[in-house]
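Report on one structure; see the data block that follows.
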2 protein chains.
Amino acid sequence: MAKKEKRKATTAETDSPKHIADRIKKSAEKMVKQINNLEDPEFTTMQRGKSNVIWDEKKGFLELGNKEVTRTFLNIAHARKFMQTTMIMEKTRNYLEHNKTASIREIYYELKHTVADTKENTFEEQSESDTIIVDLEHSVDTIREKLNLHANPKGTLYGDITLLDRMHNNDKFNASKLGRGGWSIMSRVEPEEIEIVDSSAEYLLVCETEAIYERLIEEGYPKKNNCILIGIGGQAARGARRLIHRIHNELELPTIVFTDGDPYGWYIYSVVKQGSMALAAHSEFMSVPDAKYVGMTMDDIEDYQLEMVTERMSEGDIKRAKEMLAYPWFQNKEWQAQLKKSVEKKVRVEQQALANKRLDFVATHYLPEKIRNKNFLP
Amino acid sequence: MAKKEKRKATTAETDSPKHIADRIKKSAEKMVKQINNLEDPEFTTMQRGKSNVIWDEKKGFLELGNKEVTRTFLNIAHARKFMQTTMIMEKTRNYLEHNKTASIREIYYELKHTVADTKENTFEEQSESDTIIVDLEHSVDTIREKLNLHANPKGTLYGDITLLDRMHNNDKFNASKLGRGGWSIMSRVEPEEIEIVDSSAEYLLVCETEAIYERLIEEGYPKKNNCILIGIGGQAARGARRLIHRIHNELELPTIVFTDGDPYGWYIYSVVKQGSMALAAHSEFMSVPDAKYVGMTMDDIEDYQLEMVTERMSEGDIKRAKEMLAYPWFQNKEWQAQLKKSVEKKVRVEQQALANKRLDFVATHYLPEKIRNKNFLP
């Protein structure tokens, strides 16, 4: 099959580093103007938390609503946060202008100091700066990656996909030619830096566990089935989610998710597909509403005679399943059936349980059959 | 600098897959012979736990002593374990002959079934098969990687080092040309499969956190300082330890370790250097007695004015520091001083705290100065 050319980077014109730096500057200039007019300077961001999260069924992902919060400097309850906000604004704009990136822990350490002539520290704990970062993301309508901030990296990429790193000698490499280890996904994979060049793959398979990722590579699955593999190692890190989103959109590849058969695994799927409550504002950058779920399901236990290798669900798992039954984005008969069955039977089944048939069963039978027959959950 | 040719793979002749498969076979044949002679079949392995762990000061690593344990089939207390042992022996020999590998979770699932005509399962929990795997490692004097078993992968590799994967089209790739992400270290990196081809690096720098690994790459540190970088992401996984051991020995590169300045980080260093109590039998395959420690130290706090960005040690950290004070391999004045100081001051200091000076301080000042001046702990 011919290499598929990338469609387009998902960075809209308004999301370039320059545009975002300008939005920060504009917000700061507004404050300066207010101060010069002897007015109380203001900073506006979005209200967070469940009360402002909306399930947009049409778009197929979680979104933040329109409720705003305004913070003013002369309010004693706001003054400290206001100072912190301007510090983070200055620093991230600085990163953007100098092409530097930092982890959210580094920016905390970088900005922590005692305010001159006081005993007051700018920040006491990273949780303080983390909150301000989210405020700023919402205020200038972007994601932290575009403020040149990132959390820790996690996740691996394997298969016929060529990437180019513009910030590193324009290195061009194909993730099917790095032995069986694959490429270690960076914490930030924004289009300005990491270009998706091309791929001949027909779909993207996202695996919850690195163990199954290794198994499928050992069995030659990605080559035989012409797919790209991403191992996320539990809940997907932001870098991995961005890369999944970009591969799906820029290469127009179907995205299929494969997790353990338990509420935790199903939730991991839903975060890849519809986003999470905590990051509802960023769904458009990270979610993949068209993603499909291949397994593990409660029905697999009977269909593949896996009764012997199920495990008892923990109390926490059962509680989570009950909560998920109520989530609007699990309101379809397929997922209601899965969740109810799991609560009833109180068992879970892992991806690796398929080894009970034969080590290569997952690669030679389970996945090829289910994917060929489009035996997916929505 | 000219590329350094690898010295030799550390796989001794007696450690080839064929030799190990033969040792398993020999052990099984002995059992068959005993059965045919109407004798009680026996399986011998090494005693584990603290009482059989020896600190070999001359070798510079922890070792297992000589105490053996013999298990017999006709002892009711041993019968179940005996059955499990023979199952694991058969399966791993099979892997070795067919060039298959499996995770320790997969072999558990693969072997779990109900014994014919009974209600007894071969294994109830993975902890049962894990124990037997360790028994077998000790019995045939090898490591699980050479039984074609592995745990989960973790860790990343970056820098001018060329590897070749014999099991994957002889892919040859240089870890400085994969963009800034680097190579995802596999769970097994045995010389039969992953060949270290060459490198021009002058030393290997092992970093506890992936965040510092990313920082050093962003600053171009490995190129400017001609070193290889491995990010281990907390306690080093077995695959990462094997690769560190092999790079150190085959390329004869000095190994320098960089962790957070707290008992947990220092323990991570000691495991890379001298091995761990739990894996004392495998130190010769995994430890690097010549490794040096560059930081973070308690003295760094004063030397680099980091008082503002220290953190309070948890009770657990303090307890661990006190335990470590008694470990034979921490009996030198340098480490005693560090540990005592940490217990006294009750503070810890992270690698990323250096960002308080400047984001690039770790790359432009801290590491180059300390390494140039050989300001190491032993």
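Residue numbering restarts at 1 in every chain; chains get A, B, ... in the order shown in the structure tokens, and ligands count up from 1 in that same order.
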
Got a sec to tell me which of segment 185-328 of chain A DSSP assigns to alpha helix (DSSP H), as a VMD selection string? chain A and resid 210 to 218 221 to 224 238 to 250 263 to 274 283 to 286 298 to 303 315 to 326

With DSSP run on the backbone, what are the strand (DSSP E) residues within segment 100-227 of chain A? I'd like them as a PyMOL selection string. chain A and resi 102-103+149-150+156-158+161-165+171-174+183-184+194-199+203-207+227

Between A:Asp56, A:Glu218, A:Asp299, A:Glu250, which one has atoms that come closest to chain B, using only C-alpha atoms?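 Checking each of A:Asp56, A:Glu218, A:Asp299, A:Glu250 against chain B, counting only C-alpha atoms, the winner is A:Glu218.
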
Pull out every residue of chain B sitting within 7 Å of chain A, counting only C-alpha atoms, and send them as a ChimeraX atom specification. /B:103,106,109-113,152-153,156,165,168,171,173,177-186,210-211,308-309,352-353,355-358

Could you pull the residues within 9 Å of Ile268 of chain A, counting only C-alpha atoms, minus those fewer than 5 positions along the same chain, as a VMD selection string? chain A and resid 208 234 to 236 259 263 273

Report, in Å to a single decimal, how far apart atom CA of Asn148 of chain B and atom CA of Pro41 of chain B are. 25.9 Å

Which neighbours of Phe330 of chain B fall inside 10 Å, counting only C-alpha atoms, when residues of the same chain fewer than 3 positions from it are skipped, and could you give them as a ChimeraX atom specification? /B:267,270,324-327,333-336,339,378

For Gly60 of chain A, find every residue with an atom within 9 Å (counting only C-alpha atoms), except residues of its own chain fewer than 6 positions away, and show them as a list in words. Lys273, Gln274, Ser287, Val288, Pro289, Asp290 and Trp329 of chain A

Might you pull out every residue within 12 Å of Ala21 of chain A, with only C-alpha atoms counted and same-chain residues fewer than 6 positions away left off, and present them as a PDB file with N, CA and C atoms, in the first residue's frame?
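Dumped to out17.pdb:
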```
ATOM      1  N   THR A  14      -4.183  30.008  14.825  1.00  0.00           N
ATOM      2  CA  THR A  14      -4.267  30.758  16.076  1.00  0.00           C
ATOM      3  C   THR A  14      -3.570  30.057  17.234  1.00  0.00           C
ATOM      4  N   ASP A  15      -3.021  28.877  16.987  1.00  0.00           N
ATOM      5  CA  ASP A  15      -2.380  28.142  18.067  1.00  0.00           C
ATOM      6  C   ASP A  15      -0.870  28.099  17.923  1.00  0.00           C
ATOM      7  N   SER A  27      -3.261  39.903  27.584  1.00  0.00           N
ATOM      8  CA  SER A  27      -3.876  39.800  28.898  1.00  0.00           C
ATOM      9  C   SER A  27      -3.081  40.625  29.920  1.00  0.00           C
ATOM     10  N   ALA A  28      -1.758  40.577  29.815  1.00  0.00           N
ATOM     11  CA  ALA A  28      -0.917  41.358  30.737  1.00  0.00           C
ATOM     12  C   ALA A  28      -1.063  42.855  30.477  1.00  0.00           C
ATOM     13  N   MET A  89       2.554  33.651  33.849  1.00  0.00           N
ATOM     14  CA  MET A  89       2.351  34.271  32.530  1.00  0.00           C
ATOM     15  C   MET A  89       3.685  34.755  31.954  1.00  0.00           C
ATOM     16  N   GLU A  90       4.451  35.446  32.788  1.00  0.00           N
ATOM     17  CA  GLU A  90       5.728  35.970  32.320  1.00  0.00           C
ATOM     18  C   GLU A  90       6.658  34.834  31.888  1.00  0.00           C
ATOM     19  N   LYS A  91       6.720  33.790  32.745  1.00  0.00           N
ATOM     20  CA  LYS A  91       7.669  32.705  32.489  1.00  0.00           C
ATOM     21  C   LYS A  91       7.303  31.924  31.228  1.00  0.00           C
ATOM     22  N   THR A  92       6.021  31.603  31.056  1.00  0.00           N
ATOM     23  CA  THR A  92       5.663  30.789  29.893  1.00  0.00           C
ATOM     24  C   THR A  92       5.819  31.606  28.607  1.00  0.00           C
ATOM     25  N   ARG A  93       5.513  32.907  28.680  1.00  0.00           N
ATOM     26  CA  ARG A  93       5.721  33.725  27.489  1.00  0.00           C
ATOM     27  C   ARG A  93       7.209  33.728  27.129  1.00  0.00           C
ATOM     28  N   ASN A  94       8.025  33.794  28.149  1.00  0.00           N
ATOM     29  CA  ASN A  94       9.467  33.727  27.983  1.00  0.00           C
ATOM     30  C   ASN A  94       9.895  32.401  27.327  1.00  0.00           C
ATOM     31  N   TYR A  95       9.352  31.292  27.793  1.00  0.00           N
ATOM     32  CA  TYR A  95       9.650  29.995  27.167  1.00  0.00           C
ATOM     33  C   TYR A  95       9.309  30.032  25.682  1.00  0.00           C
ATOM     34  N   LEU A  96       8.108  30.555  25.395  1.00  0.00           N
ATOM     35  CA  LEU A  96       7.634  30.550  24.006  1.00  0.00           C
ATOM     36  C   LEU A  96       8.565  31.385  23.121  1.00  0.00           C
ATOM     37  N   GLU A  97       9.029  32.507  23.656  1.00  0.00           N
ATOM     38  CA  GLU A  97       9.889  33.369  22.845  1.00  0.00           C
ATOM     39  C   GLU A  97      11.285  32.800  22.649  1.00  0.00           C
ATOM     40  N   HIS A  98      11.734  32.014  23.617  1.00  0.00           N
ATOM     41  CA  HIS A  98      13.090  31.470  23.515  1.00  0.00           C
ATOM     42  C   HIS A  98      13.105  29.998  23.158  1.00  0.00           C
ATOM     43  N   ASN A  99      11.936  29.491  22.755  1.00  0.00           N
ATOM     44  CA  ASN A  99      11.917  28.109  22.312  1.00  0.00           C
ATOM     45  C   ASN A  99      12.384  27.127  23.375  1.00  0.00           C
ATOM     46  N   LEU A 136      -4.261  29.455  33.462  1.00  0.00           N
ATOM     47  CA  LEU A 136      -3.724  30.148  32.291  1.00  0.00           C
ATOM     48  C   LEU A 136      -4.113  29.438  30.988  1.00  0.00           C
ATOM     49  N   GLU A 137      -4.070  28.102  31.011  1.00  0.00           N
ATOM     50  CA  GLU A 137      -4.503  27.346  29.828  1.00  0.00           C
ATOM     51  C   GLU A 137      -5.892  27.802  29.409  1.00  0.00           C
ATOM     52  N   VAL A 140      -6.180  31.647  28.164  1.00  0.00           N
ATOM     53  CA  VAL A 140      -5.759  31.969  26.796  1.00  0.00           C
ATOM     54  C   VAL A 140      -6.192  30.868  25.819  1.00  0.00           C
ATOM     55  N   ASP A 141      -7.094  29.974  26.295  1.00  0.00           N
ATOM     56  CA  ASP A 141      -7.719  28.981  25.436  1.00  0.00           C
ATOM     57  C   ASP A 141      -6.697  28.113  24.710  1.00  0.00           C
ATOM     58  N   THR A 142      -5.893  27.411  25.487  1.00  0.00           N
ATOM     59  CA  THR A 142      -4.928  26.514  24.857  1.00  0.00           C
ATOM     60  C   THR A 142      -4.639  25.358  25.806  1.00  0.00           C
ATOM     61  N   LYS A 146       1.204  23.817  24.567  1.00  0.00           N
ATOM     62  CA  LYS A 146       1.390  24.988  23.716  1.00  0.00           C
ATOM     63  C   LYS A 146       1.894  26.186  24.516  1.00  0.00           C
ATOM     64  N   LEU A 147       1.935  26.041  25.832  1.00  0.00           N
ATOM     65  CA  LEU A 147       2.646  27.009  26.679  1.00  0.00           C
ATOM     66  C   LEU A 147       4.084  26.512  26.924  1.00  0.00           C
ATOM     67  N   ASN A 148       4.485  25.501  26.180  1.00  0.00           N
ATOM     68  CA  ASN A 148       5.807  24.865  26.308  1.00  0.00           C
ATOM     69  C   ASN A 148       6.024  24.216  27.680  1.00  0.00           C
TER      70      ASN A 148
END
```

Suppose you want the space between atom CA of Thr44 of chain B and atom CA of Glu120 of chain B; what is it in Å?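 Computing it gives 24.9 Å between the two atoms.
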
Check the smallest atom-to-atom distance from each of B:Ala280, B:Met286, B:Glu202, B:Ser139 to Met46 of chain B using only C-alpha atoms, then report the winner.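 Residue with the minimum atom-to-atom distance to Met46 of chain B: B:Ser139.
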
For the atom pair atom CA of Val349 of chain A and atom CA of Leu253 of chain A, what is the interatomic distance in Å to one decimal place?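 Those two atoms sit 27.9 Å apart.
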
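Among the candidate residues A:Lys224, A:Ala278, A:Tyr203, A:Lys18, the one lying nearest to Ile244 of chain A is A:Tyr203, with distances computed using only C-alpha atoms.
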
Which one is closest to Glu190 of chain B: B:Ala321, B:Cys227, B:Met31, B:Ile143? Count only C-alpha atoms. B:Ile143
